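*Asks:* Okay, so here is query36.cif, and as you'll see once you scroll down, it has mmCIF, C-alpha atoms.
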data_start
#
loop_
_atom_site.label_atom_id
_atom_site.label_comp_id
_atom_site.auth_asym_id
_atom_site.auth_seq_id
_atom_site.Cartn_x
_atom_site.Cartn_y
_atom_site.Cartn_z
CA MET A 127 -7.84 -73.98 -117.64
CA ARG A 128 -9.00 -70.39 -117.63
CA VAL A 129 -12.63 -69.64 -118.54
CA GLN A 130 -13.21 -66.83 -121.05
CA ILE A 131 -15.86 -64.46 -119.79
CA SER A 132 -17.53 -61.40 -121.26
CA ARG A 133 -16.62 -57.82 -120.43
CA PRO A 134 -20.05 -57.09 -118.87
CA MET A 135 -19.54 -60.08 -116.56
CA LEU A 136 -15.99 -58.89 -115.76
CA GLU A 137 -17.51 -55.53 -114.81
CA ARG A 138 -20.06 -57.20 -112.54
CA LEU A 139 -17.57 -59.34 -110.60
CA PRO A 140 -16.20 -56.43 -108.51
CA ILE A 141 -19.81 -55.33 -107.87
CA TYR A 142 -20.68 -58.82 -106.57
CA ALA A 143 -17.54 -58.70 -104.44
CA SER A 144 -18.42 -55.41 -102.78
CA CYS A 145 -22.02 -56.53 -102.21
CA ILE A 146 -20.77 -59.72 -100.52
CA GLU A 147 -18.30 -57.68 -98.46
CA GLY A 148 -21.21 -55.57 -97.22
CA MET A 149 -23.13 -58.73 -96.27
CA ILE A 150 -20.11 -60.11 -94.41
CA GLU A 151 -19.82 -56.81 -92.51
CA ARG A 152 -23.45 -57.30 -91.51
CA ASP A 153 -22.45 -60.73 -90.14
CA ALA A 154 -23.74 -62.95 -92.93
CA ALA A 155 -21.96 -66.33 -92.97
CA TYR A 156 -23.86 -67.61 -96.01
CA VAL A 157 -25.13 -65.68 -99.01
CA SER A 158 -27.36 -66.81 -101.88
CA SER A 159 -27.38 -65.67 -105.48
CA ALA A 160 -31.05 -64.70 -104.99
CA LYS A 161 -30.16 -62.35 -102.15
CA ILE A 162 -27.26 -60.79 -104.05
CA ALA A 163 -29.48 -60.35 -107.11
CA ARG A 164 -32.18 -58.67 -104.99
CA GLU A 165 -29.73 -56.33 -103.28
CA LEU A 166 -28.15 -55.26 -106.57
CA GLY A 167 -31.33 -55.22 -108.65
CA PHE A 168 -29.82 -57.74 -111.08
CA GLY A 169 -31.57 -60.73 -112.68
CA GLU A 170 -31.30 -63.80 -110.46
CA VAL A 171 -30.59 -66.22 -113.30
CA GLN A 172 -27.64 -64.13 -114.44
CA VAL A 173 -26.20 -63.82 -110.94
CA ARG A 174 -26.57 -67.55 -110.29
CA LYS A 175 -24.89 -68.41 -113.60
CA GLU A 176 -22.01 -66.00 -113.12
CA LEU A 177 -21.30 -66.98 -109.53
CA ALA A 178 -21.33 -70.62 -110.63
CA THR A 179 -18.68 -69.79 -113.25
CA VAL A 180 -16.24 -68.52 -110.67
CA SER A 181 -17.21 -70.50 -107.57
CA GLY A 182 -19.28 -73.56 -108.53
CA THR A 183 -22.84 -73.95 -107.28
CA GLY A 184 -23.72 -73.02 -103.70
CA LYS A 185 -25.26 -75.44 -101.22
CA PRO A 186 -28.99 -75.98 -101.81
CA ARG A 187 -31.11 -73.74 -99.55
CA VAL A 188 -28.04 -72.34 -97.73
CA GLY A 189 -26.19 -70.70 -100.59
CA TYR A 190 -22.49 -69.93 -100.62
CA ASP A 191 -20.03 -69.65 -97.75
CA ALA A 192 -19.71 -65.86 -97.95
CA LYS A 193 -15.96 -65.65 -97.32
CA LYS A 194 -15.14 -68.43 -99.74
CA LEU A 195 -17.30 -66.89 -102.47
CA LEU A 196 -15.63 -63.51 -101.95
CA SER A 197 -12.18 -65.04 -102.11
CA ASP A 198 -13.11 -67.02 -105.24
CA ILE A 199 -14.24 -63.85 -107.01
CA LYS A 200 -11.15 -61.90 -105.99
CA GLY A 201 -9.01 -64.87 -106.89
CA PHE A 202 -10.63 -65.08 -110.31
CA LEU A 203 -9.95 -61.40 -111.00
CA GLY A 204 -6.36 -61.47 -109.81
CA GLU A 205 -5.66 -65.16 -110.33
CA GLY A 206 -2.19 -66.64 -110.06
CA GLU A 207 1.12 -64.91 -110.57
CA PRO A 208 0.55 -61.35 -111.80
CA ASP A 209 1.19 -60.69 -115.48
CA GLU A 210 3.93 -58.18 -116.17
CA ALA A 211 2.95 -55.06 -118.07
CA ILE A 212 5.07 -52.15 -119.26
CA ILE A 213 4.17 -48.66 -120.37
CA ILE A 214 5.54 -46.84 -123.41
CA GLY A 215 5.35 -43.08 -122.87
CA ALA A 216 6.19 -41.66 -119.45
CA GLY A 217 4.18 -38.44 -119.73
CA ARG A 218 1.56 -37.48 -117.17
CA LEU A 219 -0.83 -40.26 -118.15
CA GLY A 220 1.91 -42.90 -118.28
CA CYS A 221 3.15 -41.85 -114.86
CA ALA A 222 -0.39 -41.85 -113.47
CA LEU A 223 -0.85 -45.45 -114.63
CA LEU A 224 2.61 -46.42 -113.36
CA GLY A 225 1.74 -45.04 -109.92
CA TYR A 226 -1.78 -46.46 -109.79
CA GLY A 227 -1.88 -49.27 -107.25
CA ASN A 228 -5.16 -51.02 -108.06
CA PHE A 229 -4.02 -53.06 -111.03
CA GLU A 230 -2.45 -55.76 -108.88
CA ASP A 231 -6.01 -56.61 -107.74
CA VAL A 232 -6.70 -57.75 -111.28
CA GLY A 233 -3.43 -59.62 -111.55
CA VAL A 234 -1.35 -57.11 -113.48
CA ARG A 235 1.93 -55.64 -112.29
CA ILE A 236 3.36 -52.49 -113.88
CA ARG A 237 6.89 -51.66 -112.77
CA VAL A 238 8.41 -49.74 -115.65
CA ALA A 239 7.52 -46.98 -118.09
CA PHE A 240 9.81 -46.46 -121.07
CA ASP A 241 10.30 -43.06 -122.62
CA ILE A 242 12.16 -41.58 -125.59
CA SER A 243 13.70 -38.98 -123.31
CA ASN A 244 16.83 -40.44 -121.82
CA ILE A 245 15.81 -39.88 -118.24
CA GLU A 246 16.16 -42.67 -115.74
CA LEU A 247 14.21 -42.42 -112.50
CA ALA A 248 13.25 -44.79 -109.73
CA VAL A 249 10.52 -44.08 -107.16
CA ASP A 250 9.87 -46.89 -104.69
CA ASP A 251 9.72 -50.03 -106.84
CA LYS A 252 8.70 -48.18 -110.02
CA ARG A 253 11.09 -47.02 -112.72
CA ILE A 254 11.19 -44.81 -115.79
CA CYS A 255 13.75 -46.09 -118.29
CA PRO A 256 15.08 -45.03 -121.69
CA MET A 257 13.84 -46.97 -124.74
CA SER A 258 17.29 -48.56 -125.15
CA ARG A 259 16.40 -50.86 -122.24
CA PHE A 260 13.07 -51.92 -123.71
CA ASP A 261 13.98 -55.13 -125.53
CA SER A 262 16.13 -56.64 -122.82
CA TYR A 263 13.59 -55.76 -120.10
CA CYS A 264 10.74 -57.42 -122.01
CA LYS A 265 12.79 -60.59 -122.53
CA GLU A 266 14.09 -60.85 -118.99
CA ASN A 267 10.73 -60.17 -117.36
CA ASN A 268 8.41 -62.13 -119.63
CA VAL A 269 6.29 -59.04 -120.27
CA LYS A 270 2.77 -59.97 -121.39
CA ILE A 271 0.98 -56.63 -121.69
CA GLY A 272 2.07 -53.35 -123.31
CA ILE A 273 0.42 -50.04 -122.51
CA ILE A 274 0.65 -47.18 -125.00
CA THR A 275 0.47 -43.63 -123.63
CA VAL A 276 2.39 -41.77 -126.32
CA PRO A 277 0.84 -39.11 -128.59
CA ALA A 278 -1.30 -40.39 -131.48
CA ALA A 279 1.42 -39.75 -134.06
CA ALA A 280 3.86 -42.07 -132.25
CA ALA A 281 1.36 -44.78 -131.34
CA GLN A 282 1.87 -47.13 -134.30
CA GLU A 283 5.63 -47.07 -133.80
CA ALA A 284 5.20 -47.92 -130.10
CA CYS A 285 2.76 -50.66 -131.08
CA ASP A 286 5.24 -52.18 -133.57
CA LEU A 287 7.91 -52.26 -130.84
CA LEU A 288 5.53 -54.15 -128.56
CA VAL A 289 4.56 -56.60 -131.28
CA ASN A 290 8.22 -57.20 -132.21
CA ALA A 291 8.96 -57.92 -128.56
CA GLY A 292 6.38 -60.72 -128.70
CA ILE A 293 3.71 -58.95 -126.65
CA LYS A 294 0.21 -60.20 -127.47
CA ALA A 295 -1.96 -57.82 -125.45
CA ILE A 296 -1.96 -54.05 -125.92
CA TRP A 297 -3.83 -51.40 -123.95
CA ASN A 298 -3.92 -48.29 -126.10
CA PHE A 299 -4.65 -44.81 -124.74
CA ALA A 300 -3.56 -42.94 -127.88
CA PRO A 301 -6.41 -41.70 -130.07
CA ALA A 302 -5.17 -43.80 -132.98
CA THR A 303 -6.25 -47.02 -134.67
CA LEU A 304 -3.44 -49.56 -134.39
CA ARG A 305 -2.55 -52.16 -137.02
CA VAL A 306 -1.60 -55.44 -135.34
CA PRO A 307 -1.22 -59.10 -136.38
CA SER A 308 -4.33 -61.23 -135.84
CA ASP A 309 -2.90 -62.95 -132.75
CA VAL A 310 -2.49 -59.65 -130.88
CA SER A 311 -5.38 -58.24 -128.82
CA VAL A 312 -5.88 -54.50 -128.47
CA VAL A 313 -8.16 -52.75 -126.00
CA ASN A 314 -8.57 -49.10 -126.94
CA GLU A 315 -9.25 -46.84 -123.98
CA LYS A 316 -11.28 -44.03 -125.49
CA LEU A 317 -11.28 -41.38 -122.82
CA ALA A 318 -12.58 -38.62 -125.08
CA ILE A 319 -15.51 -40.81 -126.10
CA SER A 320 -16.59 -41.16 -122.47
CA LEU A 321 -16.70 -37.38 -122.20
CA SER A 322 -18.57 -37.18 -125.47
CA GLN A 323 -21.09 -39.66 -124.10
CA LEU A 324 -21.56 -37.62 -120.90
CA ARG A 325 -21.94 -34.49 -122.95
CA GLN A 326 -24.72 -36.19 -124.94
CA GLN A 327 -26.51 -36.87 -121.70
CA ILE A 328 -26.49 -33.30 -120.47
CA ASN A 329 -29.89 -31.86 -121.19
CA ARG A 330 -29.85 -28.85 -123.42
CA MET B 222 -31.95 -29.62 -131.07
CA ARG B 223 -29.31 -32.17 -130.23
CA VAL B 224 -29.77 -35.77 -131.38
CA GLN B 225 -29.10 -38.50 -128.82
CA ILE B 226 -26.83 -41.15 -130.29
CA SER B 227 -25.50 -44.44 -128.98
CA ARG B 228 -22.01 -44.96 -127.57
CA PRO B 229 -21.03 -47.39 -130.39
CA MET B 230 -21.99 -44.72 -132.93
CA LEU B 231 -20.05 -42.10 -130.93
CA GLU B 232 -17.04 -44.41 -131.14
CA ARG B 233 -17.43 -44.78 -134.90
CA LEU B 234 -17.65 -41.05 -135.68
CA PRO B 235 -13.90 -40.40 -135.17
CA ILE B 236 -13.18 -43.51 -137.30
CA TYR B 237 -15.33 -42.13 -140.12
CA ALA B 238 -13.55 -38.81 -139.74
CA SER B 239 -10.08 -40.30 -140.10
CA CYS B 240 -11.19 -42.43 -143.06
CA ILE B 241 -12.55 -39.31 -144.81
CA GLU B 242 -9.36 -37.42 -143.98
CA GLY B 243 -7.40 -40.18 -145.71
CA MET B 244 -9.65 -39.92 -148.77
CA ILE B 245 -9.20 -36.13 -148.88
CA GLU B 246 -5.43 -36.61 -148.70
CA ARG B 247 -5.78 -38.88 -151.73
CA ASP B 248 -7.57 -36.00 -153.50
CA ALA B 249 -11.17 -37.15 -153.20
CA ALA B 250 -13.61 -34.23 -153.49
CA TYR B 251 -16.70 -36.40 -152.98
CA VAL B 252 -17.10 -39.51 -150.83
CA SER B 253 -19.98 -41.95 -150.56
CA SER B 254 -21.18 -43.94 -147.58
CA ALA B 255 -20.69 -47.09 -149.69
CA LYS B 256 -17.01 -46.28 -150.22
CA ILE B 257 -16.44 -45.44 -146.56
CA ALA B 258 -18.20 -48.66 -145.53
CA ARG B 259 -16.04 -50.67 -147.92
CA GLU B 260 -12.79 -49.08 -146.75
CA LEU B 261 -13.61 -49.65 -143.09
CA GLY B 262 -15.27 -53.06 -143.47
CA PHE B 263 -18.48 -51.72 -141.88
CA GLY B 264 -22.06 -52.43 -142.99
CA GLU B 265 -23.18 -49.94 -145.63
CA VAL B 266 -26.67 -49.47 -144.18
CA GLN B 267 -25.21 -48.49 -140.81
CA VAL B 268 -22.71 -46.06 -142.31
CA ARG B 269 -25.39 -44.43 -144.48
CA LYS B 270 -27.74 -44.05 -141.52
CA GLU B 271 -25.09 -42.64 -139.19
CA LEU B 272 -23.68 -40.16 -141.70
CA ALA B 273 -27.24 -39.01 -142.42
CA THR B 274 -27.71 -38.35 -138.69
CA VAL B 275 -24.81 -35.92 -138.56
CA SER B 276 -24.72 -34.56 -142.11
CA GLY B 277 -28.04 -35.21 -143.86
CA THR B 278 -28.16 -37.35 -147.00
CA GLY B 279 -25.48 -37.01 -149.64
CA LYS B 280 -26.18 -36.14 -153.26
CA PRO B 281 -27.52 -39.10 -155.25
CA ARG B 282 -24.74 -40.86 -157.20
CA VAL B 283 -22.10 -38.31 -156.12
CA GLY B 284 -22.19 -38.75 -152.36
CA TYR B 285 -21.02 -36.15 -149.87
CA ASP B 286 -18.77 -33.16 -150.33
CA ALA B 287 -15.79 -34.68 -148.47
CA LYS B 288 -14.69 -31.54 -146.64
CA LYS B 289 -18.20 -30.62 -145.57
CA LEU B 290 -18.89 -34.14 -144.29
CA LEU B 291 -15.64 -34.11 -142.31
CA SER B 292 -16.43 -30.75 -140.81
CA ASP B 293 -20.00 -31.88 -139.93
CA ILE B 294 -18.65 -34.93 -138.07
CA LYS B 295 -16.04 -32.91 -136.20
CA GLY B 296 -18.63 -30.24 -135.52
CA PHE B 297 -21.03 -32.84 -134.14
CA LEU B 298 -18.39 -34.20 -131.78
CA GLY B 299 -17.25 -30.82 -130.53
CA GLU B 300 -20.41 -28.87 -131.26
CA GLY B 301 -20.94 -25.33 -130.04
CA GLU B 302 -19.40 -23.67 -127.04
CA PRO B 303 -17.36 -26.19 -125.06
CA ASP B 304 -18.90 -27.46 -121.84
CA GLU B 305 -16.90 -26.65 -118.72
CA ALA B 306 -15.65 -29.59 -116.70
CA ILE B 307 -13.73 -29.64 -113.43
CA ILE B 308 -11.71 -32.35 -111.73
CA ILE B 309 -11.83 -33.29 -108.05
CA GLY B 310 -8.54 -34.87 -107.02
CA ALA B 311 -5.29 -33.43 -108.34
CA GLY B 312 -3.16 -36.55 -107.98
CA ARG B 313 -1.26 -38.03 -110.92
CA LEU B 314 -4.40 -39.13 -112.76
CA GLY B 315 -6.20 -35.82 -112.13
CA CYS B 316 -3.18 -33.90 -113.40
CA ALA B 317 -2.88 -36.17 -116.43
CA LEU B 318 -6.50 -35.44 -117.38
CA LEU B 319 -6.05 -31.72 -116.66
CA GLY B 320 -3.05 -31.63 -119.00
CA TYR B 321 -4.61 -33.77 -121.73
CA GLY B 322 -5.39 -31.58 -124.72
CA ASN B 323 -7.72 -33.75 -126.77
CA PHE B 324 -10.94 -33.17 -124.87
CA GLU B 325 -11.61 -29.84 -126.58
CA ASP B 326 -12.12 -31.87 -129.79
CA VAL B 327 -15.20 -33.37 -128.19
CA GLY B 328 -16.40 -30.04 -126.85
CA VAL B 329 -15.22 -30.27 -123.26
CA ARG B 330 -12.87 -27.82 -121.59
CA ILE B 331 -11.09 -28.69 -118.34
CA ARG B 332 -9.28 -25.78 -116.74
CA VAL B 333 -9.22 -26.54 -113.03
CA ALA B 334 -8.56 -29.49 -110.72
CA PHE B 335 -9.56 -29.08 -107.06
CA ASP B 336 -7.66 -30.80 -104.30
CA ILE B 337 -7.95 -31.15 -100.53
CA SER B 338 -4.32 -30.14 -100.18
CA ASN B 339 -4.19 -26.38 -100.00
CA ILE B 340 -1.81 -25.97 -102.89
CA GLU B 341 -2.53 -23.47 -105.58
CA LEU B 342 -0.72 -23.81 -108.88
CA ALA B 343 -1.13 -22.43 -112.37
CA VAL B 344 0.55 -23.88 -115.47
CA ASP B 345 -0.36 -22.18 -118.74
CA ASP B 346 -4.14 -21.79 -118.58
CA LYS B 347 -4.66 -24.72 -116.19
CA ARG B 348 -4.95 -24.41 -112.43
CA ILE B 349 -4.96 -26.54 -109.30
CA CYS B 350 -7.09 -24.94 -106.58
CA PRO B 351 -8.04 -25.72 -102.98
CA MET B 352 -11.54 -27.12 -102.35
CA SER B 353 -12.56 -23.84 -100.70
CA ARG B 354 -12.83 -22.35 -104.21
CA PHE B 355 -15.01 -25.15 -105.54
CA ASP B 356 -18.52 -23.76 -105.07
CA SER B 357 -17.83 -20.28 -106.34
CA TYR B 358 -15.91 -21.59 -109.35
CA CYS B 359 -18.75 -23.92 -110.35
CA LYS B 360 -21.31 -21.11 -110.11
CA GLU B 361 -19.27 -18.51 -111.95
CA ASN B 362 -18.24 -20.82 -114.76
CA ASN B 363 -21.46 -22.76 -115.33
CA VAL B 364 -19.65 -26.06 -114.84
CA LYS B 365 -21.53 -28.94 -116.48
CA ILE B 366 -19.30 -31.96 -115.94
CA GLY B 367 -17.48 -33.18 -112.82
CA ILE B 368 -14.59 -35.63 -112.98
CA ILE B 369 -13.71 -37.71 -109.91
CA THR B 370 -10.10 -38.85 -109.54
CA VAL B 371 -9.90 -39.22 -105.75
CA PRO B 372 -9.30 -42.57 -103.99
CA ALA B 373 -12.32 -44.88 -103.73
CA ALA B 374 -12.93 -44.05 -100.06
CA ALA B 375 -13.39 -40.34 -100.87
CA ALA B 376 -15.39 -40.79 -104.07
CA GLN B 377 -18.93 -40.55 -102.66
CA GLU B 378 -18.05 -37.37 -100.79
CA ALA B 379 -16.64 -35.83 -103.99
CA CYS B 380 -19.75 -36.98 -105.86
CA ASP B 381 -22.06 -35.34 -103.28
CA LEU B 382 -20.16 -32.07 -103.68
CA LEU B 383 -20.67 -32.20 -107.44
CA VAL B 384 -24.37 -33.02 -107.10
CA ASN B 385 -24.87 -30.21 -104.57
CA ALA B 386 -23.21 -27.81 -106.99
CA GLY B 387 -25.90 -28.70 -109.54
CA ILE B 388 -23.66 -30.79 -111.81
CA LYS B 389 -25.64 -33.37 -113.79
CA ALA B 390 -22.86 -35.32 -115.49
CA ILE B 391 -20.12 -37.18 -113.62
CA TRP B 392 -17.11 -39.03 -115.00
CA ASN B 393 -15.87 -41.34 -112.26
CA PHE B 394 -12.39 -42.89 -112.21
CA ALA B 395 -12.57 -44.12 -108.61
CA PRO B 396 -13.25 -47.85 -108.24
CA ALA B 397 -16.47 -47.12 -106.32
CA THR B 398 -20.19 -47.27 -107.08
CA LEU B 399 -21.66 -43.78 -106.67
CA ARG B 400 -25.15 -43.01 -105.38
CA VAL B 401 -26.66 -40.12 -107.36
CA PRO B 402 -30.14 -38.65 -107.91
CA SER B 403 -31.97 -39.97 -110.97
CA ASP B 404 -31.34 -36.81 -113.01
CA VAL B 405 -27.56 -37.17 -112.73
CA SER B 406 -25.63 -39.26 -115.28
CA VAL B 407 -22.51 -41.17 -114.28
CA VAL B 408 -19.99 -42.74 -116.63
CA ASN B 409 -17.66 -45.05 -114.71
CA GLU B 410 -14.22 -45.37 -116.25
CA LYS B 411 -13.13 -48.83 -115.22
CA LEU B 412 -9.46 -48.92 -116.02
CA ALA B 413 -8.74 -52.09 -114.05
CA ILE B 414 -11.51 -53.88 -115.95
CA SER B 415 -9.82 -53.11 -119.26
CA LEU B 416 -6.66 -54.74 -117.98
CA SER B 417 -8.68 -57.66 -116.70
CA GLN B 418 -10.20 -58.03 -120.14
CA LEU B 419 -6.78 -57.99 -121.82
CA ARG B 420 -5.53 -60.51 -119.33
CA GLN B 421 -8.43 -62.78 -120.26
CA GLN B 422 -7.33 -62.60 -123.86
CA ILE B 423 -3.75 -63.66 -123.24
CA ASN B 424 -3.47 -67.30 -124.15
CA ARG B 425 -2.36 -69.51 -121.33
#
How does this structure look as structure tokens?

*Replies:*
Amino acid sequence: MRVQISRPMLERLPIYASCIEGMIERDAAYVSSAKIARELGFGEVQVRKELATVSGTGKPRVGYDAKKLLSDIKGFLGEGEPDEAIIIGAGRLGCALLGYGNFEDVGVRIRVAFDISNIELAVDDKRICPMSRFDSYCKENNVKIGIITVPAAAAQEACDLLVNAGIKAIWNFAPATLRVPSDVSVVNEKLAISLSQLRQQINR
Amino acid sequence: MRVQISRPMLERLPIYASCIEGMIERDAAYVSSAKIARELGFGEVQVRKELATVSGTGKPRVGYDAKKLLSDIKGFLGEGEPDEAIIIGAGRLGCALLGYGNFEDVGVRIRVAFDISNIELAVDDKRICPMSRFDSYCKENNVKIGIITVPAAAAQEACDLLVNAGIKAIWNFAPATLRVPSDVSVVNEKLAISLSQLRQQINR
């Protein structure tokens, strides 16, 4: 049974992991939530609660076995068999995501980007395929996550293809609002908004 | 005088804009915050307050001149002369961001990506330059925003270069926590976390 956790907690897990890695490098065998909280400047109650969610409670007074805690956190983030994801839109952004290696750490494997151009390319274990292969690939590989990196005007069409293929989780990079059935989750990656936010923070 | 607004509001502004565009297409000359709120399923108080922040209050009973409101929202997002941004790291992701056209809509112009390889390339008005050009480019072009797309191990070094060049706003794609002076803003783009979040939402 998988526990549902919040996005802020998901963002903190890799921070805990790198803090614990630093402690292990400095020869710590045991680490406590209090010490991690102090080092990171986080609230102790929150750290204790979140570590307990992924690794149970530590030993009283001693804390957690540092290596086990680290492996529990990494295991939680990349738990089990990786989920298969595919990309629709093999432009620069699609190819960047296809080539990015760090997603396997969070349990997601991307091996193929589909594109309306009829090119077919293979680099190492990654491929760019024509759309005609889309349906059969999704069926044969039990694809769980679809990533949309097409222009805004083509985003809904790409989304409908994903939904029709039975995909329930969509990561959308197109600056478009997608209409999906209620059992489909969409995470919109709003790159321009991040820049807008930074721009707000520049003093004028 | 620029108003500081929250990230959630920044995310809603483009949604308001596309809703108003739809109304204009359907021949509306005037639009009210109540109507926009209803169409989007947002709270009316929030919509009224946020539209007032970017466009003043509408006319009683009539609402806003639709075209003026739309242009005020777009103007707010991309206000004034665009801020210059540069990229450090011209790998696939760096090149994807360099080639992405939509950032000018939010008032940010990216024309150059710097890379430790000594290649020099120009495509249309975009360039990839060696690091040796970095300092002079930043000075001559009043660069305000630095974007980090190097591997995690090189991220702090890239960040220090940006800070030393007087850049106060950093958009970081590397999975690394950056140390910066207190007057420097960092927005961390956590792509792997978005996938992690989607993965959480897939029913098992």

*Asks:* Counting all atoms listed in the file, what are the residues of chain A within 6 Å of chain B, and for each of them which pair of atoms is the nearest and at what distance in Å, to one decimal? Sort the table by chain and rising number, as a Markdown table.

*Replies:*
| residue | atom | partner | partner_atom | distance |
| --- | --- | --- | --- | --- |
| A:Arg218 | CA | B:Ala317 | CA | 4.7 |
| A:Leu219 | CA | B:Ala317 | CA | 4.9 |
| A:Ala222 | CA | B:Arg313 | CA | 4.7 |
| A:Phe229 | CA | B:Ala413 | CA | 5.7 |
| A:Val232 | CA | B:Ser417 | CA | 5.8 |
| A:Ala318 | CA | B:Phe324 | CA | 5.7 |
| A:Ser322 | CA | B:Val327 | CA | 5.8 |

*Asks:* Would you mind listing what lies within 12 Å of segment 169-176 of chain A as a ChimeraX atom specification, with all atoms listed in the file counted and same-chain residues fewer than 3 positions away left out?

*Replies:* /A:129-132,134-139,141-143,157-166,179-184,189-190,195,198-199,202

*Asks:* Go ahead and write the residues just picked, C-alpha atoms, as a PDB file, keeping the file's coordinate frame.

*Replies:*
ATOM      1  CA  VAL A 129     -12.630 -69.640-118.540  1.00  0.00           C
ATOM      2  CA  GLN A 130     -13.210 -66.830-121.050  1.00  0.00           C
ATOM      3  CA  ILE A 131     -15.860 -64.460-119.790  1.00  0.00           C
ATOM      4  CA  SER A 132     -17.530 -61.400-121.260  1.00  0.00           C
ATOM      5  CA  PRO A 134     -20.050 -57.090-118.870  1.00  0.00           C
ATOM      6  CA  MET A 135     -19.540 -60.080-116.560  1.00  0.00           C
ATOM      7  CA  LEU A 136     -15.990 -58.890-115.760  1.00  0.00           C
ATOM      8  CA  GLU A 137     -17.510 -55.530-114.810  1.00  0.00           C
ATOM      9  CA  ARG A 138     -20.060 -57.200-112.540  1.00  0.00           C
ATOM     10  CA  LEU A 139     -17.570 -59.340-110.600  1.00  0.00           C
ATOM     11  CA  ILE A 141     -19.810 -55.330-107.870  1.00  0.00           C
ATOM     12  CA  TYR A 142     -20.680 -58.820-106.570  1.00  0.00           C
ATOM     13  CA  ALA A 143     -17.540 -58.700-104.440  1.00  0.00           C
ATOM     14  CA  VAL A 157     -25.130 -65.680 -99.010  1.00  0.00           C
ATOM     15  CA  SER A 158     -27.360 -66.810-101.880  1.00  0.00           C
ATOM     16  CA  SER A 159     -27.380 -65.670-105.480  1.00  0.00           C
ATOM     17  CA  ALA A 160     -31.050 -64.700-104.990  1.00  0.00           C
ATOM     18  CA  LYS A 161     -30.160 -62.350-102.150  1.00  0.00           C
ATOM     19  CA  ILE A 162     -27.260 -60.790-104.050  1.00  0.00           C
ATOM     20  CA  ALA A 163     -29.480 -60.350-107.110  1.00  0.00           C
ATOM     21  CA  ARG A 164     -32.180 -58.670-104.990  1.00  0.00           C
ATOM     22  CA  GLU A 165     -29.730 -56.330-103.280  1.00  0.00           C
ATOM     23  CA  LEU A 166     -28.150 -55.260-106.570  1.00  0.00           C
ATOM     24  CA  THR A 179     -18.680 -69.790-113.250  1.00  0.00           C
ATOM     25  CA  VAL A 180     -16.240 -68.520-110.670  1.00  0.00           C
ATOM     26  CA  SER A 181     -17.210 -70.500-107.570  1.00  0.00           C
ATOM     27  CA  GLY A 182     -19.280 -73.560-108.530  1.00  0.00           C
ATOM     28  CA  THR A 183     -22.840 -73.950-107.280  1.00  0.00           C
ATOM     29  CA  GLY A 184     -23.720 -73.020-103.700  1.00  0.00           C
ATOM     30  CA  GLY A 189     -26.190 -70.700-100.590  1.00  0.00           C
ATOM     31  CA  TYR A 190     -22.490 -69.930-100.620  1.00  0.00           C
ATOM     32  CA  LEU A 195     -17.300 -66.890-102.470  1.00  0.00           C
ATOM     33  CA  ASP A 198     -13.110 -67.020-105.240  1.00  0.00           C
ATOM     34  CA  ILE A 199     -14.240 -63.850-107.010  1.00  0.00           C
ATOM     35  CA  PHE A 202     -10.630 -65.080-110.310  1.00  0.00           C
TER      36      PHE A 202
END

*Asks:* Mind giving me the straight-line distance from atom CA of Gln377 of chain B to atom CA of Glu151 of chain A in Å, one decimal?

*Replies:*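 Interatomic distance, atom CA of Gln377 of chain B to atom CA of Glu151 of chain A: 19.2 Å.
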
*Asks:* List the neighbours of segment 348-362 of chain B out to 8 Å using only C-alpha atoms; skip same-chain residues closer than 6 positions along the sequence, and give me the result as a PDB file with C-alpha atoms, in the coordinates of the input.

*Replies:*
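Final file, around21.pdb:
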ATOM      1  CA  GLU B 305     -16.900 -26.650-118.720  1.00  0.00           C
ATOM      2  CA  ALA B 311      -5.290 -33.430-108.340  1.00  0.00           C
ATOM      3  CA  ARG B 332      -9.280 -25.780-116.740  1.00  0.00           C
ATOM      4  CA  VAL B 333      -9.220 -26.540-113.030  1.00  0.00           C
ATOM      5  CA  ALA B 334      -8.560 -29.490-110.720  1.00  0.00           C
ATOM      6  CA  PHE B 335      -9.560 -29.080-107.060  1.00  0.00           C
ATOM      7  CA  ASP B 336      -7.660 -30.800-104.300  1.00  0.00           C
ATOM      8  CA  ILE B 337      -7.950 -31.150-100.530  1.00  0.00           C
ATOM      9  CA  SER B 338      -4.320 -30.140-100.180  1.00  0.00           C
ATOM     10  CA  ASN B 339      -4.190 -26.380-100.000  1.00  0.00           C
ATOM     11  CA  ILE B 340      -1.810 -25.970-102.890  1.00  0.00           C
ATOM     12  CA  GLU B 341      -2.530 -23.470-105.580  1.00  0.00           C
ATOM     13  CA  LEU B 342      -0.720 -23.810-108.880  1.00  0.00           C
ATOM     14  CA  ALA B 386     -23.210 -27.810-106.990  1.00  0.00           C
TER      15      ALA B 386
END

*Asks:* Which residue is closest to Val364 of chain B? Choose from B:Ile307, B:Val344, B:Met244, B:Tyr251 and count only C-alpha atoms.

*Replies:*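 Residue with the minimum atom-to-atom distance to Val364 of chain B: B:Ile307.
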
*Asks:* Rounded to one decimal, what separation in Å do you get between atom CA of Ala395 of chain B and atom CA of Gly227 of chain A?

*Replies:*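 Distance between the two atoms: 11.9 Å.
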
*Asks:* Starting from the shown file, work through the PyMOL selection byres ((chain B and resi 381) around 12) and note down what comes out as a PyMOL selection string.

*Replies:* chain B and resi 309+367+369+375-380+382-389+391+399-402+405

*Asks:* What is the atom CA of Val283 of chain B-atom CA of Ile241 of chain B distance in Å, reported with one decimal?

*Replies:*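 One can read the atom CA of Val283 of chain B to atom CA of Ile241 of chain B distance as 14.8 Å.
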